[in-house]
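Engineer: Encoded as structure tokens, here's the structure I'll be asking about.
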Amino acid sequence: MSGTPITPRRSRRGQHFVSSEKLTSGKFRDLWTDEPLLTRPTQRPKETQDQDDDFNEEEDLRTTFYPSFTRRPLRRTMGKGKTRDSDDDDIRFEIGDTIIINGGNRSANDSVAAITAFWQVESVEKDMTQDELEFNMKAQIHWFIRQNQRPTNSAPRDDLEGEIFYSTNQSAIIPLYSIQEKCKVVEPDDYDSMALRDRRTFMCRNVYHQGIYGDFNWSAHAETAKNASLRNPEDSQHFWLCEITSRPTKKKIQPRARKTAQRRRQDSDEERNKTKRNTRSKQAPSDTESDDVAEAESDQSDDSGDASVSGSVLNDEEDDDHSLEPDSSEDGGDGTEEEPMSDVEYGRTSRASSRTGKRKRTTRDAVSTPRRKRVKPTRALPTPNSKAALVKRKSSAKKKVRLNRGDVIGSTQADRQALMKLPKDPHLRAMHLLHVAARPDALPGRDQEFDEVLLSIVRVLEEESGGCIYISGVPGTGKTATVHAVVKELKRMAANNETNPFTYVEINGLRLPEPSAAYAVLWEAVSGHDASKEGHLKISPKEALKRLDRYFNGGRSGPTGGAFVVLMDELDQLVTAKQDVVYNFFNWPNLPQSKLVVIAVSNTHDLPERVMTGKVRSRLGMEKIQFQPYSREQLVNIVNSRLTASREGLDIDTNVMSMDAVTFASARVAAVNGDARRVLDISRRAVELAYNPEGKSTIIGMQDVASVIKAMQNSPTAAYLKECSFVERLVLAALLKCMKREGINEIKWGNVMHQSAILFDQLGDADMTKPNQDRLRFVLKSLIASKAVIAETGLAAERKLVSDRLLILNLESGEVTRALCDVGGDKWANLMGAS
């Protein structure tokens, strides 16, 4: 054994599996009690996905398929540590039984599945112990979806008590000991007639996929699929698949040609010529036939219920009779022309429904080994954020999405309700709507960015893949407000079945105690935990990261919970020295079938290039949207839209601010940084000063706005910086430069001292003495005492070198920058602006 070469571990990425930890170790024993259905060489890696260390790469293995197994409880005897088997309480599990599996990732409840196959992998060359054989006993299952395992943002639906939904194509391979117990899935009529129902009894009437429901007969489907699985156990997975063949609310997508290259190779020349002759000889349908077809289509279009479903069972006796799709050969085509389609057709999961015409099946001996299907060579697909994927999205037919940006003028429902409670005074209403916390329905000047963000997310959701979108811009340019408006529109679209359902998660870097706390926020959404009802989960960031990594790498112990749209606001606050948090959040969307969309919002347009490492930038991708600062005209529209909304319902023709005052305030702000929040603050402060609660309030003019701007420039922060010494202002400027360069707020003191020396050479006069480290340390103590800077404290900080201790600015960075430029003059303004 020592000479056996060690093979590298194969990746399990994208494969579904349940934890290999025994849930009830030592309480039962699983045994095969029936004759095997089939024995053949093992197909790797599908049938050995959890046994990379047990079998050698070159070892000969065989797989034996069984129709059932028996679970026999172990009873302890009087002998110490000895056990004996008891067949009094044997439990028999067969193909087609519905079971409960413990530990669903999407909810605190257990997951429900149907058994589709049993097999055992064993070595041909060596004998295996009973424990090894029991560990290699596998079951293939098909998932049901419970009510709380669906995305939170989807079309509203009235669910019935105990209702579960059959998934179209979600399956998994699990060890037998992961099966917890049997359960019962019945039809709606049988469920209603049951006098006693427990937690192990469910009702299924629909199949579910991406927010779409189809009528479904579970009993008939299970019986047909079970019979087909017993005849051909190695292909049993295909017999349990279903397909939703109509999706009325989505845009019609033309199907591809049905005939594949493999089918063309199988058809003989004589059969193809015969098909062509039949096509040419076919006559047009009669009037009676046309009326019948039109009547059938009318009946189908009038049906406002759920979509139709086609099963995928293919029997030896019945060729394509199980498929509910139209047969293209009956339409007079040769298999390559477009057949009648519903609004959306999903991937070809059904073997029966994928055929274009009926053909005679070749008979084979009943005792012969089933012929292995010819597998097409796999082709590498582009990653979700690669150039090829982006080009493919743009070159493909664009989905017509109805963009709903709201009215040109308007406010949210919450703001309108708040206005109704206020007196009918335009100044009071204007002060309410000019507040930066007020969220209007419309976003003037951001229509193009709204469309780009919305279409980027919709494309990824429709592809059922993952992706990252990087949004950057200076503060106050409407980045977060635009994303919130996009998410609101996405929720509306999901409720109307105009896009795939999703779960929305918002992570704000400023609201987290530490960057790693973002793992727990995302895991709450992935696990289906309702924090509003049950409170936040008590889970460590390390454990949450472990579970998230396992979930997005395919290690789910339940059906997938749909797509997740995650907003990572204030991304600058989540960047750490190791960059592990941003790496994980940007890496998960690139994993197969992750269905994770990350929207990263940052105040620095070149944060990835300046701060992030190469491997983080490669995961971020190339989907980037830049928000430019607001121009004067856009700021004027923002203020005027809110002022106009404030006088809705009032008999007033003019706003409380004159047009000259609005234009003056917008021009002053646009000349600095185009921050919409600042122009709203100026306008709101001007309205507050002009408001007279005891008499008639005046209309705000240019002089009023000028006095407000002058007063804001003489803020406490500006007054404090005017009293600071040159070296104190130099340290603050160095701290700002380091923050902008590194993209994070926590800066090492050694970096600040190095930057201070550089700035002194550029800003200091010839007669000044360059400060040394002792003087800079004395200045730092002064800034800490005045609460302008906060330094790292505690036992961990005391163990560090002084130069490695972290500092953070306790003042608003934009206001400090403006005050330093005002005090220092053009030299300081040019230097700070160049950063």
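Residue numbering restarts at 1 for every chain of the structure tokens, chains are lettered A, B, ... in their displayed order, and ligands are numbered from 1 as they appear.
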Residues near A:Glu59, anyone? I mean within 9 Å using only C-alpha atoms, not counting same-chain ones fewer than 6 positions away, as a ChimeraX atom specification.

Structural biologist: /A:123-125

Engineer: Produce a file of the selected residues containing C-alpha atoms, as a CSV table (one decimal), in the first residue's frame.

Structural biologist:
chain,number,residue,atom,x,y,z
A,123,SER,CA,-14.1,-2.4,-4.7
A,124,VAL,CA,-13.6,-5.3,-7.0
A,125,GLU,CA,-10.1,-6.0,-5.8

Engineer: Write out as a list in words which residues come within 7 Å of stretch 498-506 of chain A when counting only C-alpha atoms, dropping same-chain ones fewer than 5 positions away.

Structural biologist: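 With the cut-off at 7 Å, the set is Pro151, Thr152, Asn153, Ser154, Gln210, Gly211, Thr249, Lys250, Leu461, Glu462, Met493, Leu522, Ala525, Gly562, Ala563, Phe564, Val565, Val566, Leu567 and Met568 of chain A.
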
Engineer: Just C-alpha atoms for this one: save the residues we selected as a PDB file, in the first residue's frame.

Structural biologist:
ATOM      1  CA  PRO A 151     -37.555  33.530  -2.318  1.00  0.00           C
ATOM      2  CA  THR A 152     -39.140  36.313  -0.290  1.00  0.00           C
ATOM      3  CA  ASN A 153     -39.787  38.538  -3.326  1.00  0.00           C
ATOM      4  CA  SER A 154     -42.057  36.594  -5.661  1.00  0.00           C
ATOM      5  CA  GLN A 210     -38.542  30.264 -10.410  1.00  0.00           C
ATOM      6  CA  GLY A 211     -41.856  31.634  -9.180  1.00  0.00           C
ATOM      7  CA  THR A 249     -46.226  36.783 -18.081  1.00  0.00           C
ATOM      8  CA  LYS A 250     -42.774  36.592 -19.643  1.00  0.00           C
ATOM      9  CA  LEU A 461     -31.559  36.893 -12.732  1.00  0.00           C
ATOM     10  CA  GLU A 462     -32.876  35.625 -16.058  1.00  0.00           C
ATOM     11  CA  MET A 493     -41.529  42.816 -11.459  1.00  0.00           C
ATOM     12  CA  LEU A 522     -26.137  37.139   4.693  1.00  0.00           C
ATOM     13  CA  ALA A 525     -31.226  35.451   4.623  1.00  0.00           C
ATOM     14  CA  GLY A 562     -33.581  30.915  -5.476  1.00  0.00           C
ATOM     15  CA  ALA A 563     -31.536  33.986  -6.271  1.00  0.00           C
ATOM     16  CA  PHE A 564     -30.121  36.440  -3.733  1.00  0.00           C
ATOM     17  CA  VAL A 565     -29.573  40.132  -4.483  1.00  0.00           C
ATOM     18  CA  VAL A 566     -27.130  41.621  -1.967  1.00  0.00           C
ATOM     19  CA  LEU A 567     -26.473  45.365  -1.654  1.00  0.00           C
ATOM     20  CA  MET A 568     -23.080  46.048  -0.053  1.00  0.00           C
TER      21      MET A 568
END

Engineer: How would you write, as a count of residues only, the set of residues in stretch 122-234 of chain A that DSSP gives as strand (DSSP E)?

Structural biologist: 45

Engineer: For each of A:His432, A:His536, A:Lys184, A:Arg71, take the minimum atom-to-atom distance to A:Ala645, counting only C-alpha atoms, then give the residue where this is smallest.

Structural biologist: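 For A:Ala645, the nearest of the candidates is A:His432.
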
Engineer: Could you name the residues that touch stretch 692-694 of chain A at 12 Å or less, counting only C-alpha atoms, but leaving out those on the same chain fewer than 2 positions away, as a PDB file with N, CA and C atoms, in the first residue's frame?

Structural biologist:
ATOM      1  N   PRO A 423     -49.608  70.906   9.225  1.00  0.00           N
ATOM      2  CA  PRO A 423     -50.501  72.009   8.831  1.00  0.00           C
ATOM      3  C   PRO A 423     -50.291  72.369   7.355  1.00  0.00           C
ATOM      4  N   ASP A 425     -49.140  74.462   5.572  1.00  0.00           N
ATOM      5  CA  ASP A 425     -48.175  75.552   5.425  1.00  0.00           C
ATOM      6  C   ASP A 425     -47.085  75.087   4.467  1.00  0.00           C
ATOM      7  N   PRO A 426     -46.865  75.787   3.351  1.00  0.00           N
ATOM      8  CA  PRO A 426     -45.871  75.324   2.378  1.00  0.00           C
ATOM      9  C   PRO A 426     -44.456  75.295   2.931  1.00  0.00           C
ATOM     10  N   HIS A 427     -44.128  76.156   3.891  1.00  0.00           N
ATOM     11  CA  HIS A 427     -42.783  76.154   4.454  1.00  0.00           C
ATOM     12  C   HIS A 427     -42.537  74.899   5.283  1.00  0.00           C
ATOM     13  N   LEU A 428     -43.527  74.503   6.106  1.00  0.00           N
ATOM     14  CA  LEU A 428     -43.368  73.284   6.897  1.00  0.00           C
ATOM     15  C   LEU A 428     -43.262  72.062   5.990  1.00  0.00           C
ATOM     16  N   VAL A 687     -35.099  77.671   4.301  1.00  0.00           N
ATOM     17  CA  VAL A 687     -36.542  77.662   4.567  1.00  0.00           C
ATOM     18  C   VAL A 687     -36.804  77.768   6.068  1.00  0.00           C
ATOM     19  N   GLU A 688     -35.979  77.119   6.887  1.00  0.00           N
ATOM     20  CA  GLU A 688     -36.156  77.208   8.335  1.00  0.00           C
ATOM     21  C   GLU A 688     -35.995  78.642   8.834  1.00  0.00           C
ATOM     22  N   LEU A 689     -35.014  79.364   8.291  1.00  0.00           N
ATOM     23  CA  LEU A 689     -34.798  80.735   8.730  1.00  0.00           C
ATOM     24  C   LEU A 689     -35.914  81.665   8.261  1.00  0.00           C
ATOM     25  N   ALA A 690     -36.502  81.347   7.114  1.00  0.00           N
ATOM     26  CA  ALA A 690     -37.568  82.216   6.590  1.00  0.00           C
ATOM     27  C   ALA A 690     -38.933  81.888   7.183  1.00  0.00           C
ATOM     28  N   LYS A 696     -46.752  85.672   8.548  1.00  0.00           N
ATOM     29  CA  LYS A 696     -46.554  85.248   7.168  1.00  0.00           C
ATOM     30  C   LYS A 696     -45.074  85.038   6.896  1.00  0.00           C
ATOM     31  N   SER A 697     -44.745  83.893   6.335  1.00  0.00           N
ATOM     32  CA  SER A 697     -43.355  83.575   6.016  1.00  0.00           C
ATOM     33  C   SER A 697     -42.988  84.195   4.679  1.00  0.00           C
ATOM     34  N   THR A 698     -41.730  84.523   4.536  1.00  0.00           N
ATOM     35  CA  THR A 698     -41.252  85.182   3.317  1.00  0.00           C
ATOM     36  C   THR A 698     -40.761  84.160   2.305  1.00  0.00           C
ATOM     37  N   ILE A 699     -40.625  84.630   1.064  1.00  0.00           N
ATOM     38  CA  ILE A 699     -40.061  83.806   0.002  1.00  0.00           C
ATOM     39  C   ILE A 699     -38.540  83.930   0.046  1.00  0.00           C
TER      40      ILE A 699
END

Engineer: With a distance cut-off of 7 Å and only C-alpha atoms, select the neighbouring residues of A:Ala665, excluding the residue or stretch itself and same-chain residues fewer than 3 positions from it, and output the selection as a list in words.

Structural biologist: Ala661, Val662, Arg668, Val669, Val679 and Val705 of chain A

Engineer: Which one is closest to A:Asp60: A:Lys126, A:His529, A:Arg29, A:His605? Count only C-alpha atoms.

Structural biologist: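 Ranked by minimum distance to A:Asp60, first place goes to A:Lys126.
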
Engineer: Residues near A:Cys738, anyone? I mean within 9 Å using only C-alpha atoms, not counting same-chain ones fewer than 5 positions away, as a PyMOL selection string.

Structural biologist: chain A and resi 733+743-745+747+751-752+755

Engineer: Take the residues that were just selected and, keeping C-alpha atoms, output them as a short mmCIF file (atom, residue, chain, number, x, y, z; two decimals), in the first residue's frame.

Structural biologist:
data_model
loop_
_atom_site.label_atom_id
_atom_site.label_comp_id
_atom_site.auth_asym_id
_atom_site.auth_seq_id
_atom_site.Cartn_x
_atom_site.Cartn_y
_atom_site.Cartn_z
CA ALA A 733 -4.46 66.39 5.79
CA GLY A 743 -9.80 53.24 0.73
CA ILE A 744 -10.37 52.50 4.44
CA ASN A 745 -10.89 54.69 7.49
CA ILE A 747 -4.96 54.10 9.14
CA ASN A 751 1.68 55.77 7.44
CA VAL A 752 0.34 59.10 8.68
CA GLN A 755 2.59 61.17 4.58
#

Engineer: Can you tell me, as a list in words, what residues are no more than 10 Å from A:Glu815 when counting only C-alpha atoms, ignoring any on the same chain fewer than 2 positions away?

Structural biologist: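 Near A:Glu815, the qualifying residues are Met712, Gln713, Ser715, Thr717, Ala718, Leu811, Glu812, Ser813, Thr817, Arg818, Ala819, Leu820 and Cys821 of chain A.
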
Engineer: Can you list, as number ranges by chain, every protein, DNA or RNA residue that comes within 10 Å of stretch 793-808 of chain A when you count only C-alpha atoms, leaving out same-chain residues fewer than 5 positions away?

Structural biologist: A: 735-736, 739, 744-753, 777, 780, 784, 788

Engineer: With distances taken over only C-alpha atoms, which of A:Arg511, A:Lys542, A:Arg439, A:Arg492 is nearest to A:Thr480?

Structural biologist: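 Closest residue, counting only C-alpha atoms: A:Arg439.
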
Engineer: Please compute the atom CA of A:Glu161-atom CA of A:Tyr551 distance, one decimal, in Å.

Structural biologist: 28.6 Å

Engineer: Tell me, in Å to one decimal, how far atom CA of A:Ile145 is from atom CA of A:Leu31.

Structural biologist: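 So the answer is 29.1 Å.
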
Engineer: Grab the atom CA of A:Asp159 to atom CA of A:Ile179 distance for me, in Å with one decimal place.

Structural biologist: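 Computing the Euclidean distance for atom CA of A:Asp159 and atom CA of A:Ile179 yields 26.8 Å.
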